[in-house]
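**Q** File protein_21.cif follows (mmCIF, C-alpha atoms and all ligand atoms):
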```cif
data_target
#
loop_
_atom_site.label_atom_id
_atom_site.label_comp_id
_atom_site.auth_asym_id
_atom_site.auth_seq_id
_atom_site.Cartn_x
_atom_site.Cartn_y
_atom_site.Cartn_z
CA MET A 180 65.92 12.54 -52.11
CA ASN A 181 62.64 14.47 -52.05
CA LEU A 182 59.91 12.99 -49.91
CA ASN A 183 56.40 14.18 -49.12
CA ILE A 184 55.61 13.08 -45.60
CA ALA A 185 52.11 13.32 -44.13
CA LEU A 186 52.17 13.98 -40.40
CA LEU A 187 49.25 12.63 -38.37
CA PRO A 188 49.94 13.51 -34.73
CA GLY A 189 46.58 12.21 -33.47
CA ASP A 190 45.70 12.16 -29.78
CA GLY A 191 47.24 12.12 -26.32
CA ILE A 192 51.03 12.04 -26.43
CA GLY A 193 50.96 11.57 -30.22
CA PRO A 194 51.78 15.22 -31.06
CA GLU A 195 54.62 15.38 -28.52
CA VAL A 196 56.41 12.26 -29.70
CA LEU A 197 55.82 13.06 -33.36
CA ALA A 198 57.42 16.48 -32.90
CA GLN A 199 60.63 14.71 -31.83
CA SER A 200 60.53 12.54 -34.94
CA VAL A 201 60.20 15.61 -37.11
CA LYS A 202 63.29 17.10 -35.43
CA CYS A 203 65.17 13.92 -36.28
CA LEU A 204 64.01 13.97 -39.89
CA GLN A 205 65.11 17.60 -40.14
CA ALA A 206 68.49 16.60 -38.78
CA VAL A 207 68.69 13.91 -41.47
CA GLU A 208 67.75 16.47 -44.13
CA GLU A 209 70.47 18.80 -42.99
CA THR A 210 73.15 16.15 -42.60
CA PHE A 211 72.51 14.11 -45.72
CA ASN A 212 71.13 16.76 -48.03
CA HIS A 213 67.60 15.52 -48.56
CA HIS A 214 64.39 17.44 -48.80
CA PHE A 215 61.39 16.39 -46.76
CA ASN A 216 58.14 18.20 -47.25
CA PHE A 217 55.81 17.89 -44.25
CA LYS A 218 52.04 18.37 -44.27
CA GLU A 219 49.93 17.82 -41.18
CA ALA A 220 46.35 16.56 -40.76
CA VAL A 221 44.02 15.50 -37.96
CA VAL A 222 43.01 11.94 -37.12
CA GLY A 223 41.37 10.23 -34.14
CA ALA A 224 39.57 11.90 -31.23
CA ILE A 225 40.81 15.35 -32.20
CA ALA A 226 39.34 14.84 -35.68
CA ILE A 227 36.03 13.74 -34.17
CA ASP A 228 35.99 16.88 -32.04
CA ARG A 229 36.87 19.18 -34.92
CA LYS A 230 35.31 17.51 -37.96
CA GLY A 231 32.86 14.97 -36.58
CA THR A 232 34.74 11.99 -38.02
CA PRO A 233 37.96 10.17 -36.96
CA LEU A 234 39.33 10.13 -40.53
CA PRO A 235 38.27 13.24 -42.47
CA ASP A 236 38.43 12.99 -46.27
CA ALA A 237 41.13 15.67 -46.40
CA THR A 238 43.35 13.57 -44.11
CA LEU A 239 42.88 10.46 -46.21
CA LYS A 240 43.62 12.41 -49.40
CA LEU A 241 46.80 13.85 -47.92
CA CYS A 242 47.96 10.37 -46.89
CA LYS A 243 47.21 8.87 -50.30
CA GLU A 244 49.17 11.60 -52.05
CA ALA A 245 52.14 11.43 -49.68
CA ASP A 246 55.15 9.16 -50.10
CA ALA A 247 54.85 8.10 -46.46
CA VAL A 248 52.74 8.75 -43.40
CA LEU A 249 54.21 9.37 -39.97
CA PHE A 250 51.62 8.62 -37.33
CA GLY A 251 51.57 9.62 -33.65
CA ALA A 252 48.95 7.83 -31.57
CA ILE A 253 45.21 7.49 -31.34
CA GLY A 254 42.61 7.12 -28.60
CA ASP A 255 40.87 9.02 -25.84
CA PRO A 256 39.39 7.72 -22.57
CA LYS A 257 36.15 9.58 -23.15
CA PHE A 258 35.42 7.04 -25.90
CA ASP A 259 37.00 3.97 -24.25
CA ASN A 260 34.67 4.17 -21.29
CA ASN A 261 31.56 4.55 -23.36
CA PRO A 262 30.47 1.28 -25.03
CA GLU A 263 27.53 3.14 -26.61
CA ALA A 264 29.80 5.49 -28.59
CA LYS A 265 29.06 5.13 -32.29
CA VAL A 266 32.18 6.92 -33.50
CA ARG A 267 35.55 5.98 -32.03
CA PRO A 268 39.03 7.38 -32.66
CA GLU A 269 40.40 3.90 -33.44
CA GLN A 270 38.05 3.66 -36.43
CA GLY A 271 40.17 6.37 -38.01
CA LEU A 272 43.34 4.28 -37.84
CA LEU A 273 41.59 1.11 -38.99
CA LYS A 274 40.00 2.88 -41.95
CA LEU A 275 43.32 4.47 -42.83
CA ARG A 276 45.06 1.07 -42.80
CA LYS A 277 42.33 -0.39 -45.00
CA GLU A 278 42.09 2.55 -47.43
CA LEU A 279 45.87 2.72 -47.88
CA GLY A 280 46.04 -1.07 -48.27
CA LEU A 281 48.63 -1.43 -45.50
CA TYR A 282 48.33 -5.18 -45.15
CA THR A 283 51.75 -5.88 -43.63
CA ASN A 284 52.61 -4.56 -40.20
CA ILE A 285 56.24 -5.05 -39.22
CA ARG A 286 57.12 -4.84 -35.52
CA PRO A 287 60.74 -5.51 -34.58
CA VAL A 288 61.46 -6.62 -31.01
CA LYS A 289 65.06 -6.17 -29.94
CA VAL A 290 66.80 -5.84 -26.63
CA PHE A 291 69.05 -2.83 -26.22
CA PRO A 292 72.04 -4.08 -24.19
CA SER A 293 72.11 -0.80 -22.25
CA LEU A 294 68.52 -1.36 -21.10
CA ILE A 295 68.64 -5.01 -20.24
CA GLN A 296 68.09 -4.25 -16.56
CA ASN A 297 64.83 -2.43 -17.37
CA SER A 298 62.97 -5.54 -18.36
CA PRO A 299 61.00 -7.41 -15.71
CA LEU A 300 62.42 -10.57 -17.31
CA ARG A 301 65.80 -12.04 -16.33
CA PRO A 302 68.75 -10.75 -18.37
CA ASP A 303 69.94 -14.28 -19.23
CA ILE A 304 66.54 -15.00 -20.78
CA ILE A 305 66.27 -11.87 -22.88
CA ALA A 306 69.88 -11.02 -23.82
CA GLY A 307 70.27 -11.26 -27.58
CA THR A 308 66.55 -11.27 -28.36
CA ASP A 309 65.99 -10.09 -31.90
CA PHE A 310 62.81 -11.04 -33.71
CA THR A 311 60.33 -9.32 -35.97
CA ILE A 312 56.60 -9.77 -35.98
CA TYR A 313 54.82 -9.71 -39.34
CA ARG A 314 51.24 -8.95 -38.40
CA GLU A 315 48.49 -9.02 -41.03
CA LEU A 316 46.78 -5.65 -40.72
CA THR A 317 43.76 -5.30 -42.96
CA GLY A 318 41.80 -8.52 -42.44
CA GLY A 319 40.58 -10.94 -39.81
CA ILE A 320 38.30 -10.24 -36.88
CA TYR A 321 39.10 -6.51 -36.94
CA PHE A 322 37.39 -6.09 -40.28
CA GLY A 323 34.87 -8.96 -40.40
CA GLU A 324 31.16 -8.47 -40.20
CA LYS A 325 30.00 -7.20 -36.81
CA HIS A 326 26.63 -7.85 -35.32
CA LEU A 327 24.68 -6.87 -32.26
CA ASN A 328 21.16 -8.22 -31.86
CA GLU A 329 18.24 -5.92 -31.35
CA ASP A 330 18.02 -6.04 -27.60
CA GLY A 331 21.79 -5.73 -27.32
CA THR A 332 22.33 -9.07 -25.59
CA VAL A 333 24.21 -11.05 -28.27
CA ALA A 334 27.19 -9.83 -30.31
CA SER A 335 29.54 -11.31 -32.88
CA ASP A 336 32.68 -10.38 -34.87
CA LEU A 337 33.53 -12.53 -37.84
CA CYS A 338 37.14 -13.57 -38.58
CA THR A 339 37.53 -13.98 -42.33
CA TYR A 340 40.68 -14.53 -44.39
CA SER A 341 41.18 -15.22 -48.07
CA GLU A 342 44.09 -17.06 -49.66
CA LYS A 343 45.17 -13.84 -51.32
CA GLU A 344 45.26 -11.92 -48.04
CA ILE A 345 47.42 -14.63 -46.48
CA SER A 346 49.79 -15.17 -49.37
CA ARG A 347 50.76 -11.52 -49.94
CA ILE A 348 51.99 -11.03 -46.36
CA ALA A 349 53.45 -14.54 -46.24
CA HIS A 350 55.76 -13.67 -49.14
CA MET A 351 56.90 -10.53 -47.32
CA ALA A 352 57.61 -12.53 -44.16
CA PHE A 353 59.53 -15.29 -45.96
CA LYS A 354 61.64 -12.69 -47.77
CA ALA A 355 62.40 -11.01 -44.45
CA ALA A 356 63.40 -14.37 -42.92
CA LYS A 357 65.73 -15.01 -45.87
CA ASN A 358 67.53 -11.76 -45.08
CA ARG A 359 67.71 -12.59 -41.38
CA ARG A 360 68.28 -15.97 -39.74
CA ASN A 361 66.15 -18.11 -42.07
CA LYS A 362 63.46 -19.05 -39.61
CA LEU A 363 59.76 -18.30 -39.79
CA THR A 364 57.22 -19.20 -37.10
CA LEU A 365 53.58 -19.12 -38.10
CA VAL A 366 51.51 -18.31 -35.02
CA ASP A 367 47.89 -19.45 -35.22
CA LYS A 368 45.15 -21.44 -33.53
CA ALA A 369 44.80 -24.16 -36.15
CA ASN A 370 43.61 -26.69 -33.57
CA VAL A 371 40.39 -24.67 -33.23
CA LEU A 372 39.91 -22.09 -35.98
CA GLU A 373 39.08 -22.76 -39.63
CA SER A 374 40.73 -19.48 -40.64
CA SER A 375 43.97 -20.62 -38.95
CA ARG A 376 43.87 -23.88 -40.88
CA LEU A 377 43.70 -21.88 -44.11
CA TRP A 378 46.73 -19.87 -42.91
CA ARG A 379 48.67 -23.13 -42.34
CA LYS A 380 47.76 -24.50 -45.76
CA VAL A 381 48.67 -21.35 -47.68
CA VAL A 382 51.84 -20.59 -45.71
CA THR A 383 53.06 -24.20 -45.99
CA ARG A 384 52.61 -24.08 -49.75
CA ILE A 385 54.40 -20.75 -50.09
CA GLY A 386 57.19 -22.06 -47.86
CA GLU A 387 58.11 -24.54 -50.58
CA SER A 388 59.40 -21.60 -52.67
CA TYR A 389 61.70 -20.59 -49.82
CA PRO A 390 63.57 -23.85 -49.12
CA GLU A 391 66.32 -22.07 -47.16
CA VAL A 392 63.78 -20.85 -44.59
CA THR A 393 62.77 -23.26 -41.82
CA LEU A 394 59.03 -23.01 -41.24
CA GLU A 395 57.65 -23.79 -37.80
CA TYR A 396 54.11 -23.64 -36.48
CA MET A 397 53.05 -22.56 -33.03
CA PHE A 398 49.65 -22.18 -31.42
CA VAL A 399 49.11 -18.65 -30.19
CA ASP A 400 48.62 -19.66 -26.54
CA ASN A 401 51.93 -21.49 -26.58
CA ALA A 402 53.55 -18.58 -28.45
CA ALA A 403 52.40 -16.20 -25.70
CA MET A 404 54.28 -18.41 -23.25
CA GLN A 405 57.36 -19.01 -25.41
CA ILE A 406 57.88 -15.28 -26.04
CA ILE A 407 58.42 -14.88 -22.31
CA LEU A 408 60.17 -18.20 -21.64
CA ASN A 409 62.62 -18.20 -24.52
CA PRO A 410 62.33 -15.16 -26.80
CA LYS A 411 65.68 -15.91 -28.47
CA GLN A 412 64.16 -18.84 -30.36
CA PHE A 413 62.25 -16.49 -32.69
CA ASP A 414 63.45 -14.86 -35.89
CA VAL A 415 60.37 -13.88 -37.94
CA ILE A 416 56.90 -14.44 -36.52
CA LEU A 417 54.04 -14.38 -39.02
CA THR A 418 50.52 -14.06 -37.71
CA GLU A 419 47.01 -12.75 -38.30
CA ASN A 420 45.71 -9.38 -37.20
CA MET A 421 44.49 -9.85 -33.64
CA PHE A 422 47.09 -12.40 -32.53
CA GLY A 423 49.72 -9.97 -33.79
CA ASP A 424 48.18 -7.11 -31.86
CA ILE A 425 48.35 -9.10 -28.64
CA ILE A 426 51.78 -10.70 -28.95
CA SER A 427 53.42 -7.47 -30.07
CA ASP A 428 52.42 -5.75 -26.84
CA GLU A 429 53.74 -8.79 -25.03
CA GLY A 430 56.99 -8.53 -26.97
CA SER A 431 57.43 -4.95 -25.82
CA VAL A 432 57.89 -6.15 -22.24
CA ILE A 433 61.11 -7.85 -23.27
CA GLY A 434 62.73 -4.52 -24.10
CA GLY A 435 61.61 -2.99 -20.82
CA SER A 436 59.26 -0.35 -22.18
CA ILE A 437 56.52 -0.17 -24.77
CA GLY A 438 57.96 3.27 -25.45
CA LEU A 439 60.74 1.66 -27.50
CA LEU A 440 58.87 -0.31 -30.13
CA ALA A 441 58.42 1.08 -33.61
CA SER A 442 56.45 -0.28 -36.51
CA ALA A 443 56.05 0.00 -40.25
CA SER A 444 52.79 -0.73 -42.03
CA VAL A 445 53.25 -1.28 -45.72
CA GLY A 446 51.16 -2.15 -48.72
CA ASP A 447 51.68 -2.09 -52.46
CA ASP A 448 51.25 1.68 -52.82
CA ASN A 449 51.57 3.26 -49.38
CA ALA A 450 53.54 3.08 -46.16
CA LEU A 451 52.85 4.33 -42.66
CA PHE A 452 55.22 4.45 -39.71
CA GLU A 453 54.16 4.61 -36.08
CA PRO A 454 55.13 3.64 -32.56
CA ILE A 455 53.22 0.60 -31.34
CA HIS A 456 52.19 2.33 -28.13
CA GLY A 457 48.87 4.07 -27.67
CA SER A 458 47.97 7.66 -26.86
CA TYR A 459 48.82 7.39 -23.11
CA PRO A 460 46.36 10.17 -22.21
CA GLN A 461 47.55 10.36 -18.58
CA ALA A 462 50.90 11.68 -19.80
CA LYS A 463 49.56 14.13 -22.38
CA GLY A 464 51.33 17.51 -22.24
CA MET A 465 53.56 16.45 -19.34
CA ASP A 466 56.77 16.12 -21.36
CA ILE A 467 57.39 12.61 -19.99
CA ALA A 468 56.37 10.41 -22.92
CA ASN A 469 59.18 8.36 -24.41
CA PRO A 470 59.78 9.55 -28.00
CA ILE A 471 62.14 6.68 -28.89
CA ALA A 472 59.50 4.40 -30.47
CA SER A 473 58.40 7.25 -32.71
CA ILE A 474 62.00 8.16 -33.56
CA LEU A 475 62.78 4.54 -34.39
CA SER A 476 59.79 4.50 -36.71
CA VAL A 477 61.60 7.30 -38.57
CA ALA A 478 64.54 4.90 -38.97
CA MET A 479 62.13 2.36 -40.45
CA LEU A 480 60.77 5.03 -42.81
CA LEU A 481 64.27 5.86 -44.02
CA GLU A 482 65.07 2.17 -44.55
CA HIS A 483 61.85 1.78 -46.52
CA PHE A 484 63.20 4.33 -49.01
CA GLY A 485 66.63 2.68 -49.12
CA LEU A 486 68.25 5.40 -46.99
CA TYR A 487 70.24 2.92 -44.90
CA GLU A 488 73.07 5.19 -43.86
CA GLU A 489 70.57 7.79 -42.70
CA ALA A 490 68.58 5.17 -40.77
CA MET A 491 71.79 3.98 -39.14
CA ALA A 492 72.59 7.53 -38.06
CA VAL A 493 69.19 7.71 -36.35
CA ARG A 494 69.65 4.33 -34.66
CA GLU A 495 73.15 5.22 -33.49
CA ALA A 496 71.92 8.51 -32.06
CA VAL A 497 69.17 6.62 -30.21
CA ASP A 498 71.70 4.09 -28.88
CA LYS A 499 73.83 6.93 -27.65
CA SER A 500 70.96 8.56 -25.77
CA LEU A 501 70.18 5.21 -24.12
CA LYS A 502 73.81 4.62 -23.18
CA LYS A 503 74.24 8.14 -21.85
CA GLY A 504 71.02 7.92 -19.85
CA VAL A 505 69.41 10.78 -21.77
CA VAL A 506 66.06 9.04 -21.47
CA THR A 507 62.54 9.68 -20.20
CA PRO A 508 61.42 8.55 -16.72
CA ASP A 509 59.85 5.29 -17.95
CA LEU A 510 63.40 4.07 -18.50
CA LEU A 511 65.12 5.76 -15.57
CA ALA A 512 62.91 6.64 -12.62
CA ASP A 513 64.79 9.75 -11.52
CA SER A 514 65.63 10.92 -15.03
CA GLN A 515 65.86 14.67 -15.40
CA TYR A 516 65.13 14.56 -19.12
CA GLY A 517 61.79 15.10 -20.77
CA THR A 518 60.35 14.17 -24.15
CA ASN A 519 61.68 17.33 -25.77
CA GLN A 520 65.18 17.05 -24.41
CA VAL A 521 65.50 13.44 -25.50
CA GLY A 522 64.30 14.47 -28.97
CA ASP A 523 66.77 17.35 -29.08
CA TYR A 524 69.62 15.12 -27.99
CA VAL A 525 68.91 12.42 -30.56
CA ALA A 526 68.47 14.99 -33.36
CA GLU A 527 71.67 16.75 -32.39
CA ASN A 528 73.59 13.49 -32.49
CA ILE A 529 72.28 12.71 -35.95
CA VAL A 530 73.87 15.94 -37.12
CA ASP A 531 77.06 15.16 -35.22
CA ASN A 532 77.14 11.60 -36.47
CA GLY A 533 80.68 10.34 -36.84
CA GLU A 534 82.00 12.55 -34.08
CA ASP A 535 82.51 10.67 -30.87
CA PHE A 536 82.43 13.80 -28.89
CA ASN A 537 79.58 16.21 -28.66
CA MET A 538 79.83 19.48 -26.79
CA ASN A 539 76.97 18.67 -24.47
CA ASP A 540 78.18 15.24 -23.50
CA GLU A 541 80.46 16.74 -20.93
CA ASN A 542 77.47 18.29 -19.15
CA ILE A 543 75.57 15.05 -19.39
CA ASP A 544 78.45 13.10 -17.92
CA LEU A 545 78.53 15.64 -15.11
CA GLY A 546 74.83 15.07 -14.52
CA LYS A 547 73.74 18.51 -15.66
CA SER A 548 70.46 18.72 -17.46
CA THR A 549 71.42 21.48 -19.91
CA ILE A 550 71.90 19.46 -23.04
CA ILE A 551 71.27 22.05 -25.71
C1 LIG B 1 47.91 -1.26 -32.48
C2 LIG B 1 46.77 -0.68 -31.71
C3 LIG B 1 45.55 -0.61 -32.62
C4 LIG B 1 45.22 -2.03 -33.03
C5 LIG B 1 44.33 0.09 -32.03
C6 LIG B 1 44.66 1.50 -31.58
C7 LIG B 1 43.16 0.08 -32.97
O1 LIG B 1 46.53 -1.43 -30.56
O2 LIG B 1 48.29 -0.65 -33.51
O3 LIG B 1 48.44 -2.28 -32.06
O4 LIG B 1 44.54 -2.75 -32.31
O5 LIG B 1 45.65 -2.43 -34.11
MG MG B 2 47.96 -2.94 -30.20
#
```
Would you mind writing the file's structure down as C-alpha cells?
Ligand code: IPM
Ligand code: MG

**A**
Amino acid sequence: MNLNIALLPGDGIGPEVLAQSVKCLQAVEETFNHHFNFKEAVVGAIAIDRKGTPLPDATLKLCKEADAVLFGAIGDPKFDNNPEAKVRPEQGLLKLRKELGLYTNIRPVKVFPSLIQNSPLRPDIIAGTDFTIYRELTGGIYFGEKHLNEDGTVASDLCTYSEKEISRIAHMAFKAAKNRRNKLTLVDKANVLESSRLWRKVVTRIGESYPEVTLEYMFVDNAAMQIILNPKQFDVILTENMFGDIISDEGSVIGGSIGLLASASVGDDNALFEPIHGSYPQAKGMDIANPIASILSVAMLLEHFGLYEEAMAVREAVDKSLKKGVVTPDLLADSQYGTNQVGDYVAENIVDNGEDFNMNDENIDLGKSTII
C-alpha cells in the first residue's frame, strides 16, 4: 500500500516521540512491502515562533492532501503562564481538528499485564480493564462562542451541540460496541445541562437501531468515580468534547503512565493519530520521554487502513519491549533505556516479527544496555 503521511512533530517531546514512530513505520514498510511517503510541517509553539501562527496554511494544506496525519504534541509553558497571550499553540491543534473535520476521537484504555504494578490503583481493581472512549472532538464548549467583557471581569464559553454532531459520532460508537462487548455508556450531565439532555435524546433514539448493544447512562461526576472504582465495567464510553478530555486523562492512570495512551481522530475525509499526552516541556531533549503512546498511535493508523497484521506486529513489538523491561524511566525508575533506544528496540522487533529470538535479547537479559 502507498500512503502519504503528514508528520507534525509540534513542541516539547513531540519531535522525539514522533521520530520513534517513524522508525516503526519504516520497519513496517520494510517488513510488509509498503511505501510510506513522509512530509513534515510545523504546528504549535514552534510554528508561532517561525511563522507567527500555530497552524500555518502550508501545514493545513499538507494535512488535507495527506492520507493520514501523525501528530507529536503541542504546548509551551511560555504561553500557558500568560493569560493575556492572544495566540496559543493549542489553537493550532483545535483548528486542525475542526478544518479536517475530525469529529470522533478514539482513546483506548487497556491494562498491559506486564505493567499492572505500575498503576497507583490495586491490581485486582484494574486487571482486565479494556475500554475505549469515543470523545466528540469538534464541538461543545471548546468551539462555542467565547466572551470576555470589556473590563475583563466576566467571561463565558458556550457549549453548543446539534443533533447532527451527536448522531454522527454516536453511530461510530455503537458500531464499535457491536464489534466489542456490546455495551455503550453515555457519559453526560443531563441532570443539569440542556446540551446533555439533547445527547441523551439523540443517543437513545440511535440506540434503537443497535438492539444488540446495551445502552447505559452515567453522569460525568459518577463516571469519574466509577473509572477508578471499577474500570472493568466499561466497554465503550461515548461523551462530549470536554468530558472526554478529562476522563481520558483519568483513564491513563489505570495503565500506570500517560505515556502509553494512543488516540485516533477521524472524520469523513481525514484521520489524525497522536498520543494523548502533552508536550512535557520539562523532558524536552532529555531522551526520557516514553515513545510508546506515539508508537501505538501508529498501530491505530495501520488499523485505520485495514493493515491489521502490520498493526499487530507493532503491538507485539511494544508488548515485548514492556515485558523485557526495555522501557523509559516513567515505567521503570532505574531504567537504562532512553526514548531512542526504546524506539530502536520496538522497530527492530517489528522487522524480526515471528522470530522469538532476537540477537540483542541476550544482552538485554544480561542487563546490558547495548541493544542495537
Ligand atoms: C487533548 C489535549 C488537547 C485537548 C489540548 C492540547 C488542546 O488535552 O488532546 O486531550 O484539550 O483536546
Ligand atoms: Mg487532554

**Q** Could you check which of A:Val382, A:Leu451, A:Val207, A:Val445 is closest to Ala245 of chain A, using all atoms listed in the file?

**A**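 The closest residue to Ala245 of chain A is A:Leu451.
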
**Q** Using Å and a single decimal, report how far atom CA of Pro508 of chain A sits from atom CA of Pro302 of chain A.

**A**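 Interatomic distance, atom CA of Pro302 of chain A to atom CA of Pro508 of chain A: 20.7 Å.
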
**Q** Find the residues near Gly430 of chain A: any atom within 7 Å, counting all atoms listed in the file, skip ones fewer than 4 places away on the same chain, and give them as an mmCIF file with C-alpha atoms, in the coordinates of the input.

**A**
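In the end it all went to result-v3.cif:
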```
data_model
loop_
_atom_site.group_PDB
_atom_site.id
_atom_site.type_symbol
_atom_site.label_atom_id
_atom_site.label_comp_id
_atom_site.auth_asym_id
_atom_site.auth_seq_id
_atom_site.Cartn_x
_atom_site.Cartn_y
_atom_site.Cartn_z
ATOM 1 C CA VAL A 288 61.460 -6.620 -31.010
ATOM 2 C CA ILE A 406 57.880 -15.280 -26.040
ATOM 3 C CA ILE A 426 51.780 -10.700 -28.950
#
```

**Q** Using only C-alpha atoms and all ligand atoms, tabulate the residues of chain A lying at most 7 Å from any atom of ligand LIG 1 (chain B), each with its closest atom pair and that distance in Å to one decimal, by chain and increasing residue number, as a Markdown table.

**A**
```
| residue | atom | partner | partner_atom | distance |
| --- | --- | --- | --- | --- |
| A:Ile253 | CA | B:LIG1 | C6 | 6.0 |
| A:Gly254 | CA | B:LIG1 | C6 | 6.7 |
| A:Glu269 | CA | B:LIG1 | C7 | 4.7 |
| A:Leu272 | CA | B:LIG1 | C7 | 6.4 |
| A:Leu273 | CA | B:LIG1 | C7 | 6.3 |
| A:Asp424 | CA | B:LIG1 | O3 | 4.8 |
| A:Ile455 | CA | B:LIG1 | O2 | 5.5 |
| A:Gly457 | CA | B:LIG1 | C6 | 6.3 |
```

**Q** Give me the residues near segment 359-375 of chain A as a VMD selection string, where near means some atom within 9 Å (using only C-alpha atoms) and where sequence neighbours in that chain fewer than 5 positions away do not count.

**A** chain A and resid 319 338 to 341 352 to 354 380 382 391 to 400 402 413 to 419 422 to 423

**Q** List as a list in words the protein and nucleic acid residues near Lys277 of chain A, meaning an atom at most 9 Å away when only C-alpha atoms are counted, but skip any in the same chain fewer than 2 places from it.

**A** Leu272, Leu273, Lys274, Leu275, Leu279, Gly280, Leu281, Tyr282, Leu316, Thr317, Gly318 and Phe322 of chain A

**Q** Atom CA of Pro268 of chain A and atom CA of Asp236 of chain A, how far apart in Å?

**A**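 Pair atom CA of Asp236 of chain A / atom CA of Pro268 of chain A returns 14.7 Å.
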
**Q** Find the spatial neighbours of Ala198 of chain A, counting all atoms listed in the file, within a cut-off of 10 Å - ignore same-chain residues fewer than 5 positions away - and output them as a list of chain:residue names.

**A** A:Leu186, A:Pro188, A:Gly193, A:Cys203, A:Leu204, A:Gly251, A:Pro470, A:Ser473, A:Ile474, A:Thr518, A:Asn519, A:Gly522

**Q** Could you jot down the atom CA of Ala526 of chain A to atom CA of Ile471 of chain A separation for me, Å, one decimal place?

**A**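 Separating atom CA of Ala526 of chain A from atom CA of Ile471 of chain A is a distance of 11.4 Å.
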
**Q** Pick the closest to ligand MG 2 (chain B) from A:Pro299, A:Gly485, A:Pro454, A:Pro460: which is it, counting only C-alpha atoms and all ligand atoms?

**A**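 Answer, going by the shortest atom-to-atom distance: A:Pro454.
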
**Q** Kindly indicate which residue among A:Ala441, A:Leu501, A:Leu197, A:Ile305 lies nearest to ligand MG 2 (chain B), using all atoms listed in the file for the distances.

**A**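 Ranking A:Ala441, A:Leu501, A:Leu197, A:Ile305 by distance to ligand MG 2 (chain B), first place goes to A:Ala441.
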
**Q** Counting all atoms listed in the file, which residue out of A:Ile385, A:Val266, A:Ile437, A:Val506 sits closest to Pro233 of chain A?

**A**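 That would be A:Val266, the residue with the smallest distance to Pro233 of chain A.
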
**Q** For Ser444 of chain A, which residue out of A:Lys265, A:Asn409, A:Leu249, A:Phe258 is the nearest one, using only C-alpha atoms?

**A**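 Answer, going by the shortest atom-to-atom distance: A:Leu249.
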
**Q** Looking at all atoms listed in the file, which of A:Glu527, A:Val505, A:Arg314, A:Thr332 is the one that sits closest to ligand MG 2 (chain B)?

**A**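 Using all atoms listed in the file, the shortest distance to ligand MG 2 (chain B) belongs to A:Arg314.
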
**Q** With a distance cut-off of 8 Å and all atoms listed in the file, select the neighbouring residues of Ile304 of chain A, excluding the residue or stretch itself and same-chain residues fewer than 2 positions from it, and output the selection as a PDB file with C-alpha atoms, keeping the file's coordinate frame.

**A**
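Now in result_12.pdb:
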```pdb
ATOM      1  CA  LEU A 300      62.420 -10.570 -17.310  1.00  0.00           C
ATOM      2  CA  ARG A 301      65.800 -12.040 -16.330  1.00  0.00           C
ATOM      3  CA  PRO A 302      68.750 -10.750 -18.370  1.00  0.00           C
ATOM      4  CA  ALA A 306      69.880 -11.020 -23.820  1.00  0.00           C
ATOM      5  CA  LEU A 408      60.170 -18.200 -21.640  1.00  0.00           C
ATOM      6  CA  ASN A 409      62.620 -18.200 -24.520  1.00  0.00           C
ATOM      7  CA  PRO A 410      62.330 -15.160 -26.800  1.00  0.00           C
ATOM      8  CA  LYS A 411      65.680 -15.910 -28.470  1.00  0.00           C
TER       9      LYS A 411
END
```

**Q** Return the padded bounding box of segment 243-259 of chain A as lines of an AutoDock Vina configuration file: axis-aligned, built from all atoms listed in the file, 5 Å added on each side, with centre and edge lengths in Å to one decimal.

**A**
```
center_x = 45.3
center_y = 7.8
center_z = -37.3
size_x = 29.7
size_y = 17.6
size_z = 39.5
```
